[in-house]
Each structure stands twice: as C-alpha cells, then as structure tokens.
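Chemist: Here you go, this is model_19.cif (mmCIF, C-alpha atoms).
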data_work
loop_
_atom_site.group_PDB
_atom_site.id
_atom_site.type_symbol
_atom_site.label_atom_id
_atom_site.label_comp_id
_atom_site.auth_asym_id
_atom_site.auth_seq_id
_atom_site.Cartn_x
_atom_site.Cartn_y
_atom_site.Cartn_z
ATOM 1 C CA MET A 168 33.749 -12.171 7.142
ATOM 2 C CA THR A 169 30.602 -10.098 7.373
ATOM 3 C CA PRO A 170 29.213 -9.226 3.931
ATOM 4 C CA ILE A 171 28.776 -5.565 3.093
ATOM 5 C CA LEU A 172 25.101 -4.826 2.670
ATOM 6 C CA GLU A 173 23.776 -2.103 0.439
ATOM 7 C CA PHE A 174 21.154 0.104 2.024
ATOM 8 C CA LYS A 175 19.058 3.181 1.435
ATOM 9 C CA GLN A 176 17.800 3.546 4.975
ATOM 10 C CA SER A 177 18.859 2.238 8.366
ATOM 11 C CA SER A 178 16.018 -0.274 8.536
ATOM 12 C CA HIS A 179 17.533 -2.078 5.527
ATOM 13 C CA LEU A 180 20.263 -3.076 7.992
ATOM 14 C CA ASN A 181 17.879 -4.336 10.672
ATOM 15 C CA PRO A 182 19.452 -7.603 11.955
ATOM 16 C CA ALA A 183 15.964 -9.110 12.215
ATOM 17 C CA LEU A 184 15.803 -9.229 8.405
ATOM 18 C CA VAL A 185 18.440 -11.987 8.324
ATOM 19 C CA ASP A 186 17.797 -13.626 11.698
ATOM 20 C CA PRO A 187 16.353 -17.091 10.973
ATOM 21 C CA ALA A 188 14.557 -17.082 14.311
ATOM 22 C CA LYS A 189 12.732 -13.931 13.340
ATOM 23 C CA THR A 190 12.293 -14.504 9.630
ATOM 24 C CA GLN A 191 10.330 -17.726 10.115
ATOM 25 C CA LEU A 192 7.202 -15.642 10.007
ATOM 26 C CA SER A 193 3.771 -16.940 10.677
ATOM 27 C CA GLY A 194 0.888 -15.926 8.492
ATOM 28 C CA GLU A 195 -1.459 -18.154 10.461
ATOM 29 C CA LYS A 196 -3.548 -15.224 11.617
ATOM 30 C CA LEU A 197 -4.294 -14.205 8.036
ATOM 31 C CA LEU A 198 -5.750 -17.551 7.008
ATOM 32 C CA GLY A 199 -9.475 -18.080 6.756
ATOM 33 C CA HIS A 200 -12.725 -16.600 5.547
ATOM 34 C CA TRP A 201 -13.148 -12.905 6.230
ATOM 35 C CA VAL A 202 -16.367 -10.874 5.934
ATOM 36 C CA ASN A 203 -16.625 -7.105 5.580
ATOM 37 C CA THR A 204 -17.564 -5.360 8.843
ATOM 38 C CA ASN A 205 -19.731 -2.967 6.786
ATOM 39 C CA HIS A 206 -22.744 -4.881 5.517
ATOM 40 C CA GLU A 207 -23.618 -1.961 3.222
ATOM 41 C CA THR A 208 -20.265 -1.899 1.480
ATOM 42 C CA LYS A 209 -20.135 -1.303 -2.253
ATOM 43 C CA GLY A 210 -16.678 -2.785 -2.355
ATOM 44 C CA ILE A 211 -15.326 -6.121 -1.191
ATOM 45 C CA ALA A 212 -17.887 -8.391 0.460
ATOM 46 C CA GLU A 213 -15.593 -11.196 1.549
ATOM 47 C CA CYS A 214 -12.117 -12.593 1.247
ATOM 48 C CA VAL A 215 -10.619 -16.050 1.652
ATOM 49 C CA ILE A 216 -6.904 -16.457 2.347
ATOM 50 C CA GLU A 217 -5.347 -19.906 2.050
ATOM 51 C CA ARG A 218 -1.812 -21.228 2.247
ATOM 52 C CA ASN A 219 -0.183 -24.007 0.244
ATOM 53 C CA ASP A 220 3.366 -24.612 1.462
ATOM 54 C CA ASP A 221 4.770 -21.083 1.596
ATOM 55 C CA ARG A 222 2.357 -19.586 -0.914
ATOM 56 C CA TYR A 223 -0.666 -17.545 0.065
ATOM 57 C CA SER A 224 -3.647 -17.345 -2.262
ATOM 58 C CA VAL A 225 -6.222 -14.578 -2.024
ATOM 59 C CA SER A 226 -9.778 -15.012 -3.221
ATOM 60 C CA ILE A 227 -12.038 -11.960 -3.145
ATOM 61 C CA ARG A 228 -15.694 -11.434 -3.971
ATOM 62 C CA GLY A 229 -16.902 -7.918 -4.659
ATOM 63 C CA VAL A 230 -20.429 -6.629 -4.240
ATOM 64 C CA GLY A 231 -22.286 -6.565 -7.560
ATOM 65 C CA GLU A 232 -25.730 -5.480 -8.676
ATOM 66 C CA ASN A 233 -27.064 -9.022 -8.942
ATOM 67 C CA GLY A 234 -24.885 -10.920 -6.541
ATOM 68 C CA LEU A 235 -21.256 -11.203 -5.679
ATOM 69 C CA ILE A 236 -18.507 -10.829 -8.284
ATOM 70 C CA ALA A 237 -15.688 -13.377 -8.047
ATOM 71 C CA TRP A 238 -12.307 -11.782 -8.589
ATOM 72 C CA PRO A 239 -9.499 -13.847 -10.113
ATOM 73 C CA ILE A 240 -7.680 -15.840 -7.443
ATOM 74 C CA VAL A 241 -4.121 -14.602 -7.094
ATOM 75 C CA THR A 242 -0.955 -15.606 -5.291
ATOM 76 C CA ALA A 243 0.192 -12.903 -2.924
ATOM 77 C CA ALA A 244 3.716 -11.716 -2.232
ATOM 78 C CA THR A 245 4.582 -12.093 1.428
ATOM 79 C CA LEU A 246 6.410 -9.468 3.410
ATOM 80 C CA ALA A 247 7.598 -9.502 6.993
ATOM 81 C CA ASN A 248 5.455 -7.049 8.887
ATOM 82 C CA LEU A 249 7.854 -5.241 11.167
ATOM 83 C CA GLU A 250 4.909 -3.922 13.157
ATOM 84 C CA GLU A 251 4.163 -6.455 15.831
ATOM 85 C CA GLU A 252 0.688 -7.920 16.227
ATOM 86 C CA ALA A 253 -0.027 -8.971 19.811
ATOM 87 C CA GLY A 254 3.685 -9.221 20.491
ATOM 88 C CA GLN A 255 4.344 -11.418 17.465
ATOM 89 C CA ARG A 256 5.871 -10.728 14.118
ATOM 90 C CA THR A 257 3.548 -11.661 11.299
ATOM 91 C CA VAL A 258 3.329 -11.183 7.553
ATOM 92 C CA ALA A 259 1.605 -8.713 5.327
ATOM 93 C CA LEU A 260 0.456 -9.676 1.857
ATOM 94 C CA ALA A 261 0.642 -7.725 -1.384
ATOM 95 C CA ALA A 262 -1.761 -8.932 -4.058
ATOM 96 C CA ASN A 263 -2.499 -7.495 -7.491
ATOM 97 C CA PHE A 264 -5.661 -8.192 -9.475
ATOM 98 C CA ASP A 265 -5.941 -7.527 -13.199
ATOM 99 C CA PHE A 266 -9.479 -7.253 -14.566
ATOM 100 C CA GLY A 267 -8.485 -5.982 -17.991
ATOM 101 C CA PHE A 268 -10.427 -2.751 -17.637
ATOM 102 C CA MET A 269 -8.893 -2.101 -14.197
ATOM 103 C CA ARG A 270 -5.980 -3.142 -12.025
ATOM 104 C CA ALA A 271 -6.315 -3.362 -8.238
ATOM 105 C CA GLU A 272 -3.138 -3.201 -6.181
ATOM 106 C CA THR A 273 -3.801 -4.281 -2.611
ATOM 107 C CA HIS A 274 -2.059 -4.844 0.648
ATOM 108 C CA ILE A 275 -3.517 -7.002 3.352
ATOM 109 C CA ARG A 276 -2.581 -7.154 7.023
ATOM 110 C CA ILE A 277 -3.952 -7.872 10.454
ATOM 111 C CA ASN A 278 -4.457 -5.122 13.006
ATOM 112 C CA LYS A 279 -5.716 -6.191 16.416
ATOM 113 C CA GLY A 280 -7.576 -9.155 14.966
ATOM 114 C CA VAL A 281 -9.152 -7.161 12.153
ATOM 115 C CA LEU A 282 -8.134 -7.887 8.567
ATOM 116 C CA VAL A 283 -7.407 -4.657 6.717
ATOM 117 C CA ILE A 284 -7.402 -4.505 2.928
ATOM 118 C CA VAL A 285 -6.174 -1.345 1.237
ATOM 119 C CA LEU A 286 -6.847 -1.065 -2.499
ATOM 120 C CA PHE A 287 -5.427 1.232 -5.120
ATOM 121 C CA ASN A 288 -7.585 0.865 -8.236
ATOM 122 C CA THR A 289 -6.318 2.018 -11.628
ATOM 123 C CA PHE A 290 -8.723 2.124 -14.579
ATOM 124 C CA LYS A 291 -7.308 1.099 -17.930
ATOM 125 C CA ASP A 292 -10.415 1.826 -20.004
ATOM 126 C CA ASP A 293 -11.621 5.149 -21.402
ATOM 127 C CA SER A 294 -14.533 5.495 -19.001
ATOM 128 C CA GLY A 295 -13.256 8.713 -17.434
ATOM 129 C CA ARG A 296 -13.415 7.168 -13.984
ATOM 130 C CA ALA A 297 -10.770 8.447 -11.593
ATOM 131 C CA ASN A 298 -8.246 6.002 -10.186
ATOM 132 C CA TYR A 299 -9.219 5.597 -6.555
ATOM 133 C CA LEU A 300 -8.203 4.058 -3.273
ATOM 134 C CA ASN A 301 -10.268 2.387 -0.619
ATOM 135 C CA ARG A 302 -9.714 0.719 2.736
ATOM 136 C CA GLU A 303 -12.018 -1.908 4.188
ATOM 137 C CA PHE A 304 -12.140 -3.964 7.380
ATOM 138 C CA PHE A 305 -13.072 -7.616 7.830
ATOM 139 C CA TYR A 306 -13.915 -9.926 10.695
ATOM 140 C CA ARG A 307 -13.137 -13.608 10.721
ATOM 141 C CA ALA A 308 -16.107 -15.780 9.738
ATOM 142 C CA SER A 309 -14.217 -19.092 9.909
ATOM 143 C CA MET B 98 -19.605 -0.440 -17.906
ATOM 144 C CA GLN B 99 -17.311 -3.073 -16.427
ATOM 145 C CA ILE B 100 -17.011 -3.309 -12.670
ATOM 146 C CA ALA B 101 -15.325 -5.471 -10.055
ATOM 147 C CA GLN B 102 -17.426 -3.994 -7.269
ATOM 148 C CA LEU B 103 -20.397 -1.652 -7.107
ATOM 149 C CA ALA B 104 -18.168 1.251 -6.116
ATOM 150 C CA ASP B 105 -16.725 1.170 -9.651
ATOM 151 C CA GLN B 106 -20.121 1.851 -11.176
ATOM 152 C CA VAL B 107 -20.387 5.569 -11.837
ATOM 153 C CA GLU B 108 -21.524 7.297 -15.006
ATOM 154 C CA ILE B 109 -19.073 9.923 -16.154
ATOM 155 C CA ASP B 110 -18.814 11.736 -19.451
ATOM 156 C CA PRO B 111 -15.182 11.071 -20.416
ATOM 157 C CA THR B 112 -15.096 14.351 -22.328
ATOM 158 C CA GLN B 113 -16.162 16.338 -19.275
ATOM 159 C CA THR B 114 -13.594 15.219 -16.737
ATOM 160 C CA ASP B 115 -11.549 17.866 -14.956
ATOM 161 C CA SER B 116 -7.976 17.139 -13.972
ATOM 162 C CA ILE B 117 -7.358 15.684 -10.535
ATOM 163 C CA GLN B 118 -6.750 18.282 -7.830
ATOM 164 C CA THR B 119 -3.471 17.616 -6.044
ATOM 165 C CA GLY B 120 -3.335 20.640 -3.744
ATOM 166 C CA ALA B 121 -3.251 18.517 -0.585
ATOM 167 C CA PHE B 122 0.125 16.972 -1.392
ATOM 168 C CA PRO B 123 2.846 19.583 -2.004
ATOM 169 C CA GLY B 124 5.079 20.449 0.912
ATOM 170 C CA SER B 125 7.398 18.900 3.433
ATOM 171 C CA TRP B 126 6.001 15.914 5.343
ATOM 172 C CA ILE B 127 7.770 14.974 8.579
ATOM 173 C CA ASN B 128 7.701 11.522 10.207
ATOM 174 C CA SER B 129 5.700 11.566 13.457
ATOM 175 C CA ASN B 130 8.288 9.208 14.982
ATOM 176 C CA PRO B 131 11.552 11.033 15.740
ATOM 177 C CA ASP B 132 13.255 7.669 16.355
ATOM 178 C CA THR B 133 12.422 6.154 12.974
ATOM 179 C CA ASN B 134 14.946 3.974 11.174
ATOM 180 C CA GLY B 135 12.995 4.420 7.974
ATOM 181 C CA ILE B 136 11.846 7.503 6.114
ATOM 182 C CA ALA B 137 12.458 10.787 7.907
ATOM 183 C CA ARG B 138 10.927 13.273 5.498
ATOM 184 C CA LEU B 139 9.029 13.461 2.231
ATOM 185 C CA GLN B 140 9.186 16.426 -0.093
ATOM 186 C CA MET B 141 6.329 16.653 -2.566
ATOM 187 C CA THR B 142 6.382 19.158 -5.402
ATOM 188 C CA GLN B 143 4.417 19.873 -8.552
ATOM 189 C CA SER B 144 6.221 20.426 -11.800
ATOM 190 C CA ASP B 145 4.834 20.562 -15.355
ATOM 191 C CA GLY B 146 1.572 19.010 -14.218
ATOM 192 C CA LYS B 147 3.379 16.145 -12.517
ATOM 193 C CA LEU B 148 3.506 15.391 -8.822
ATOM 194 C CA LEU B 149 6.986 14.438 -7.649
ATOM 195 C CA LEU B 150 8.029 12.749 -4.422
ATOM 196 C CA GLN B 151 11.514 13.085 -2.977
ATOM 197 C CA VAL B 152 12.395 10.869 -0.028
ATOM 198 C CA PHE B 153 14.934 11.525 2.712
ATOM 199 C CA ALA B 154 15.567 8.381 4.742
ATOM 200 C CA MET B 155 17.464 7.793 7.962
ATOM 201 C CA GLY B 156 21.017 6.598 7.477
ATOM 202 C CA PRO B 157 23.577 5.548 10.080
ATOM 203 C CA GLU B 158 25.206 8.962 9.968
ATOM 204 C CA ALA B 159 22.978 11.317 7.997
ATOM 205 C CA LEU B 160 19.846 11.482 5.905
ATOM 206 C CA ILE B 161 19.954 9.611 2.590
ATOM 207 C CA ASP B 162 18.411 11.382 -0.382
ATOM 208 C CA TRP B 163 16.590 8.893 -2.584
ATOM 209 C CA GLY B 164 15.991 11.481 -5.270
ATOM 210 C CA ALA B 165 12.579 12.265 -6.736
ATOM 211 C CA GLU B 166 10.098 10.058 -8.574
ATOM 212 C CA GLU B 167 6.769 10.859 -10.192
ATOM 213 C CA VAL B 168 3.757 9.540 -8.289
ATOM 214 C CA SER B 169 0.428 8.191 -9.537
ATOM 215 C CA VAL B 170 -2.441 10.005 -7.833
ATOM 216 C CA PHE B 171 -5.615 8.350 -6.532
ATOM 217 C CA THR B 172 -8.897 9.871 -5.403
ATOM 218 C CA SER B 173 -11.314 8.516 -2.811
ATOM 219 C CA SER B 174 -13.887 7.378 -5.415
ATOM 220 C CA PRO B 175 -14.144 6.997 -9.208
ATOM 221 C CA ARG B 176 -16.306 10.143 -9.308
ATOM 222 C CA SER B 177 -14.027 12.340 -7.209
ATOM 223 C CA ARG B 178 -11.521 14.726 -8.757
ATOM 224 C CA VAL B 179 -9.663 15.365 -5.488
ATOM 225 C CA GLY B 180 -6.399 13.527 -4.848
ATOM 226 C CA ALA B 181 -6.405 11.467 -1.653
ATOM 227 C CA GLY B 182 -3.405 9.188 -2.087
ATOM 228 C CA PHE B 183 -0.601 8.072 -4.333
ATOM 229 C CA THR B 184 1.681 5.226 -5.304
ATOM 230 C CA CYS B 185 5.310 5.411 -6.310
ATOM 231 C CA VAL B 186 8.283 3.068 -6.866
ATOM 232 C CA PHE B 187 11.971 3.613 -6.118
ATOM 233 C CA ASP B 188 14.324 1.098 -7.721
ATOM 234 C CA PHE B 189 17.761 1.018 -6.114
ATOM 235 C CA GLY B 190 19.094 -1.967 -8.010
ATOM 236 C CA PHE B 191 19.781 -4.086 -4.928
ATOM 237 C CA ALA B 192 16.237 -3.430 -3.685
ATOM 238 C CA GLU B 193 12.942 -1.938 -4.759
ATOM 239 C CA THR B 194 10.706 0.107 -2.504
ATOM 240 C CA ARG B 195 7.056 0.586 -3.400
ATOM 241 C CA LEU B 196 5.215 3.322 -1.528
ATOM 242 C CA GLN B 197 1.461 3.643 -1.071
ATOM 243 C CA GLY B 198 0.362 6.859 0.608
ATOM 244 C CA MET B 199 -3.043 8.027 1.726
ATOM 245 C CA ILE B 200 -4.051 11.258 3.437
ATOM 246 C CA MET B 201 -6.506 10.946 6.284
ATOM 247 C CA LYS B 202 -7.488 14.011 8.341
ATOM 248 C CA GLY B 203 -4.278 15.749 7.413
ATOM 249 C CA LEU B 204 -2.136 12.740 8.269
ATOM 250 C CA LEU B 205 -0.200 10.992 5.535
ATOM 251 C CA VAL B 206 -0.140 7.239 6.146
ATOM 252 C CA LEU B 207 2.667 5.695 4.145
ATOM 253 C CA ALA B 208 2.801 1.943 3.530
ATOM 254 C CA GLN B 209 6.244 0.805 2.415
ATOM 255 C CA PHE B 210 7.044 -2.462 0.643
ATOM 256 C CA HIS B 211 10.757 -3.228 0.627
ATOM 257 C CA ARG B 212 11.777 -6.049 -1.724
ATOM 258 C CA PHE B 213 15.419 -7.133 -1.856
ATOM 259 C CA LYS B 214 16.806 -8.181 -5.222
ATOM 260 C CA ASP B 215 20.336 -9.027 -4.083
ATOM 261 C CA ASP B 216 21.523 -12.299 -2.525
ATOM 262 C CA SER B 217 21.916 -10.862 0.949
ATOM 263 C CA GLY B 218 19.295 -13.179 2.410
ATOM 264 C CA ARG B 219 17.277 -10.303 3.807
ATOM 265 C CA VAL B 220 13.533 -10.915 3.892
ATOM 266 C CA ASP B 221 11.199 -8.541 2.097
ATOM 267 C CA TYR B 222 9.364 -6.411 4.612
ATOM 268 C CA PHE B 223 6.446 -4.087 5.118
ATOM 269 C CA VAL B 224 6.135 -1.103 7.397
ATOM 270 C CA ARG B 225 3.777 1.836 7.838
ATOM 271 C CA GLU B 226 4.817 5.272 8.988
ATOM 272 C CA TYR B 227 2.911 8.479 9.639
ATOM 273 C CA PHE B 228 3.755 11.967 8.413
ATOM 274 C CA GLY B 229 2.491 15.435 9.192
ATOM 275 C CA LEU B 230 2.672 18.365 6.779
ATOM 276 C CA GLU B 231 4.815 21.273 7.952
ATOM 277 C CA HIS B 232 2.228 24.027 7.643
ATOM 278 C CA GLY B 233 3.834 26.877 9.582
ATOM 279 C CA ARG B 234 0.668 27.707 11.514
ATOM 280 C CA TYR B 235 0.058 27.852 15.282
#
Show this structure as structure tokens.

Modeler:
Amino acid sequence: MTPILEFKQSSHLNPALVDPAKTQLSGEKLLGHWVNTNHETKGIAECVIERNDDRYSVSIRGVGENGLIAWPIVTAATLANLEEEAGQRTVALAANFDFGFMRAETHIRINKGVLVIVLFNTFKDDSGRANYLNREFFYRAS
Amino acid sequence: MQIAQLADQVEIDPTQTDSIQTGAFPGSWINSNPDTNGIARLQMTQSDGKLLLQVFAMGPEALIDWGAEEVSVFTSSPRSRVGAGFTCVFDFGFAETRLQGMIMKGLLVLAQFHRFKDDSGRVDYFVREYFGLEHGRY
C-alpha cells in the first residue's frame, strides 16, 4: 500500500526524493580547498570542505586586517540539489556559523565548477550595523 | 568592533541609524518558469512596519496558499540601509521550508531549503527559482 504523503507543493511529491538510485547523492565535487576568485575580497578568503562518512565539515577563513580570521569549523546540513550539475545530481550544503556578536547563515553549492557561497549575516551586538547578505565565488585550489 | 571578515568593519553611530528601506519588496512576484512544480507566486506586503511574505505554491490541482510569514530583511553591506534580500521560515509540521531571497537587477532569486520532519523517507532538498515583479509597465 502506497503511503499518503503530506505536501505543500508538487515538488514535495517528486518521486526522485524517495528513489534510492537518485538519493545516493554525491558531494564529491564540493570537497577540497577553495580560494576566492576575487583577490581583493573583504569577505571570505578561502574555504575547505571535507567529508567524514556522510558528514560534511566546512572550514572558512575570512579576510582580516592582520591576516586571515579562522571561523569555527561547522558540520553542514546536506540537501539534494535538484538542479543538475553537468548532468548529475549533487548536494548543496547549509552551514551556520555563530560568532557571538554575529550569526552567518550560508548555503554552498557548485555551479559549473565554481563554488558559490551565499551568506546572510545577522548582527547580535548593538553596533548599529545592518544585517547584510553577500555572495562570493571560489575556484578549486586542491 | 568584532568582525569575522573585513566587510563587517564599519563605524556606525548606533543612535543615528535610519530604518531599513524595504520599498523594493512589496508586490506580486511571479515565477519565471511557467512549468514549475515549486513556488508559483510570492506576495509581499508591508504592515505595521513589518514585511510579510505570502507564498502560493503549485499543487496537483490548484495553487496552495502557505499563508504569510514575517521576513527578516538584509542589506547589501553593514553600512547600507536599503533592503536587498530576506530570509523566512515556513513550518508545516511534516516539513520545514526555509527561504533565502535576494534581489539582483530586479530579479528575485529565491533559494529554498526543504527539510522533511516526517518518516516518509524523502530526502531534504534544495532548489532555486527566479521571480519577476509584476510592475504593470510596458
């Protein structure tokens, strides 16, 4: 008997979401050391994505005044990326970083070989800084 | 001032900050893909200083109204006071959908994170869709 699935849009019923052949998703293309394509960035300088079993860890270093700033290493949530990359299904990552004074909510994906990181930064201090978003692009260094 | 990246480093007098302008958001945003199986239309409205997002998604037979949720607005830099994007969460019980929107050259790019909380065995998934604002010109 086919179970009745709850849904809020037709894509919630996409058979690919329960097809073992299609849900064995490869995040291989995300793994490695990625460097910002913009060498004058004031944001993220580089990113390392590693996998242990099914868990993906994200390590980011931001550009600082006197060198790079190591962000806390976090485990990312993995999501099937229903947009195909070079004819293959892959994964997107969602990773959240808490700095105390600020929280950065990110999503990370591959687009035509380029790693794209989109950040939504929310300040938790009283500095008056506006919460802001940013998008940066990275090439594979190794 | 604490920073995680140089872009965070701006000097602002906290007592002199204007509210964030959100004029770019209100209206009816239509999916650029007429064959979508996801979100067909977004309705954004302002009410009592809040920005609300109502979602109409494609269903097997008709549009499904998700109702409205308040969004958190983001600018393009810590110094800016002009809204450029938003985040929002819809919790349906069996699933949670987190939306991250950003406006680029009049186009709303909407990243959607669908996380299932039931035991249906469906994998969590990510998709991006593109929306244009119905502006009534031309």

Chemist: Taking all atoms listed in the file into account, which of B:Val152, B:Val107, B:Leu139, B:Ile127 comes nearest B:Phe187?

Modeler: B:Val152

Chemist: Run the PyMOL selection byres ((chain A) within 9 of (chain B)) on the file and write out the hits as a JSON list (two decimals) with C-alpha atoms, in the coordinates of the input.

Modeler:
[["chain", "number", "residue", "atom", "x", "y", "z"],
["A", 170, "PRO", "CA", 29.21, -9.23, 3.93],
["A", 171, "ILE", "CA", 28.78, -5.56, 3.09],
["A", 172, "LEU", "CA", 25.10, -4.83, 2.67],
["A", 173, "GLU", "CA", 23.78, -2.10, 0.44],
["A", 174, "PHE", "CA", 21.15, 0.10, 2.02],
["A", 175, "LYS", "CA", 19.06, 3.18, 1.44],
["A", 176, "GLN", "CA", 17.80, 3.55, 4.97],
["A", 177, "SER", "CA", 18.86, 2.24, 8.37],
["A", 178, "SER", "CA", 16.02, -0.27, 8.54],
["A", 179, "HIS", "CA", 17.53, -2.08, 5.53],
["A", 180, "LEU", "CA", 20.26, -3.08, 7.99],
["A", 181, "ASN", "CA", 17.88, -4.34, 10.67],
["A", 182, "PRO", "CA", 19.45, -7.60, 11.96],
["A", 183, "ALA", "CA", 15.96, -9.11, 12.22],
["A", 184, "LEU", "CA", 15.80, -9.23, 8.40],
["A", 185, "VAL", "CA", 18.44, -11.99, 8.32],
["A", 186, "ASP", "CA", 17.80, -13.63, 11.70],
["A", 190, "THR", "CA", 12.29, -14.50, 9.63],
["A", 208, "THR", "CA", -20.26, -1.90, 1.48],
["A", 209, "LYS", "CA", -20.14, -1.30, -2.25],
["A", 210, "GLY", "CA", -16.68, -2.78, -2.36],
["A", 211, "ILE", "CA", -15.33, -6.12, -1.19],
["A", 212, "ALA", "CA", -17.89, -8.39, 0.46],
["A", 228, "ARG", "CA", -15.69, -11.43, -3.97],
["A", 229, "GLY", "CA", -16.90, -7.92, -4.66],
["A", 230, "VAL", "CA", -20.43, -6.63, -4.24],
["A", 231, "GLY", "CA", -22.29, -6.56, -7.56],
["A", 232, "GLU", "CA", -25.73, -5.48, -8.68],
["A", 235, "LEU", "CA", -21.26, -11.20, -5.68],
["A", 236, "ILE", "CA", -18.51, -10.83, -8.28],
["A", 237, "ALA", "CA", -15.69, -13.38, -8.05],
["A", 238, "TRP", "CA", -12.31, -11.78, -8.59],
["A", 245, "THR", "CA", 4.58, -12.09, 1.43],
["A", 246, "LEU", "CA", 6.41, -9.47, 3.41],
["A", 247, "ALA", "CA", 7.60, -9.50, 6.99],
["A", 248, "ASN", "CA", 5.46, -7.05, 8.89],
["A", 249, "LEU", "CA", 7.85, -5.24, 11.17],
["A", 250, "GLU", "CA", 4.91, -3.92, 13.16],
["A", 258, "VAL", "CA", 3.33, -11.18, 7.55],
["A", 259, "ALA", "CA", 1.60, -8.71, 5.33],
["A", 260, "LEU", "CA", 0.46, -9.68, 1.86],
["A", 261, "ALA", "CA", 0.64, -7.72, -1.38],
["A", 266, "PHE", "CA", -9.48, -7.25, -14.57],
["A", 268, "PHE", "CA", -10.43, -2.75, -17.64],
["A", 269, "MET", "CA", -8.89, -2.10, -14.20],
["A", 274, "HIS", "CA", -2.06, -4.84, 0.65],
["A", 287, "PHE", "CA", -5.43, 1.23, -5.12],
["A", 288, "ASN", "CA", -7.58, 0.86, -8.24],
["A", 289, "THR", "CA", -6.32, 2.02, -11.63],
["A", 293, "ASP", "CA", -11.62, 5.15, -21.40],
["A", 294, "SER", "CA", -14.53, 5.50, -19.00],
["A", 295, "GLY", "CA", -13.26, 8.71, -17.43],
["A", 296, "ARG", "CA", -13.42, 7.17, -13.98],
["A", 297, "ALA", "CA", -10.77, 8.45, -11.59],
["A", 298, "ASN", "CA", -8.25, 6.00, -10.19],
["A", 299, "TYR", "CA", -9.22, 5.60, -6.56],
["A", 300, "LEU", "CA", -8.20, 4.06, -3.27],
["A", 301, "ASN", "CA", -10.27, 2.39, -0.62]]

Chemist: Need to verify the contact set: A:Pro239, 9 Å, all atoms listed in the file, exclusion of same-chain residues closer than 2 positions in sequence. Can you return it as a ChimeraX atom specification?

Modeler: /A:225-227,237,241,264-266

Chemist: What does the distance between atom CA of B:Asn128 and atom CA of B:Leu207 come to in Å, to one decimal place?

Modeler: 9.8 Å

Chemist: Evaluating the PyMOL selection byres ((chain A and resi 201) around 9) on the displayed file yields which residues, as a list in words?

Modeler: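 Expected selection for the PyMOL selection byres ((chain A and resi 201) around 9) here is Leu198, Gly199, His200, Val202, Asn203, Ala212, Glu213, Cys214, Val215, Ile216, Leu282, Phe305, Tyr306, Arg307, Ala308 and Ser309 of chain A.
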
Chemist: If you count all atoms listed in the file, which residues fall within 9 Å of B:Leu205, apart from same-chain ones fewer than 3 positions away, as a list of chain:residue names?

Modeler: B:Trp126, B:Gly182, B:Gly198, B:Met199, B:Ile200, B:Met201, B:Lys202, B:Glu226, B:Tyr227, B:Phe228, B:Gly229, B:Leu230

Chemist: Considering all atoms listed in the file, can you say which of B:Gln118, B:Lys214, B:Tyr235, B:Leu196 comes closest to A:Thr273?

Modeler: B:Leu196

Chemist: Could you check the closest approach to A:Gly194 for each of A:Ala262, A:Glu207, A:Thr242, A:Arg276 and tell me which residue wins, using all atoms listed in the file?

Modeler: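 That would be A:Arg276, the residue with the smallest distance to A:Gly194.
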
Chemist: Please report the interatomic distance between atom CA of B:Cys185 and atom CA of B:Val168 in Å with one decimal.

Modeler: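 Separation between atom CA of B:Cys185 and atom CA of B:Val168: 4.8 Å.
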
Chemist: One decimal, in Å: what's the spacing between atom CA of A:Asn219 and atom CA of A:Ala243?

Modeler: 11.6 Å

Chemist: Restricting the calculation to only C-alpha atoms, which member of A:Val285, A:Gly280, A:Asn263, A:Lys291 is positioned closest to A:Leu197?

Modeler: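 The shortest atom-to-atom distance to A:Leu197 comes from A:Gly280.
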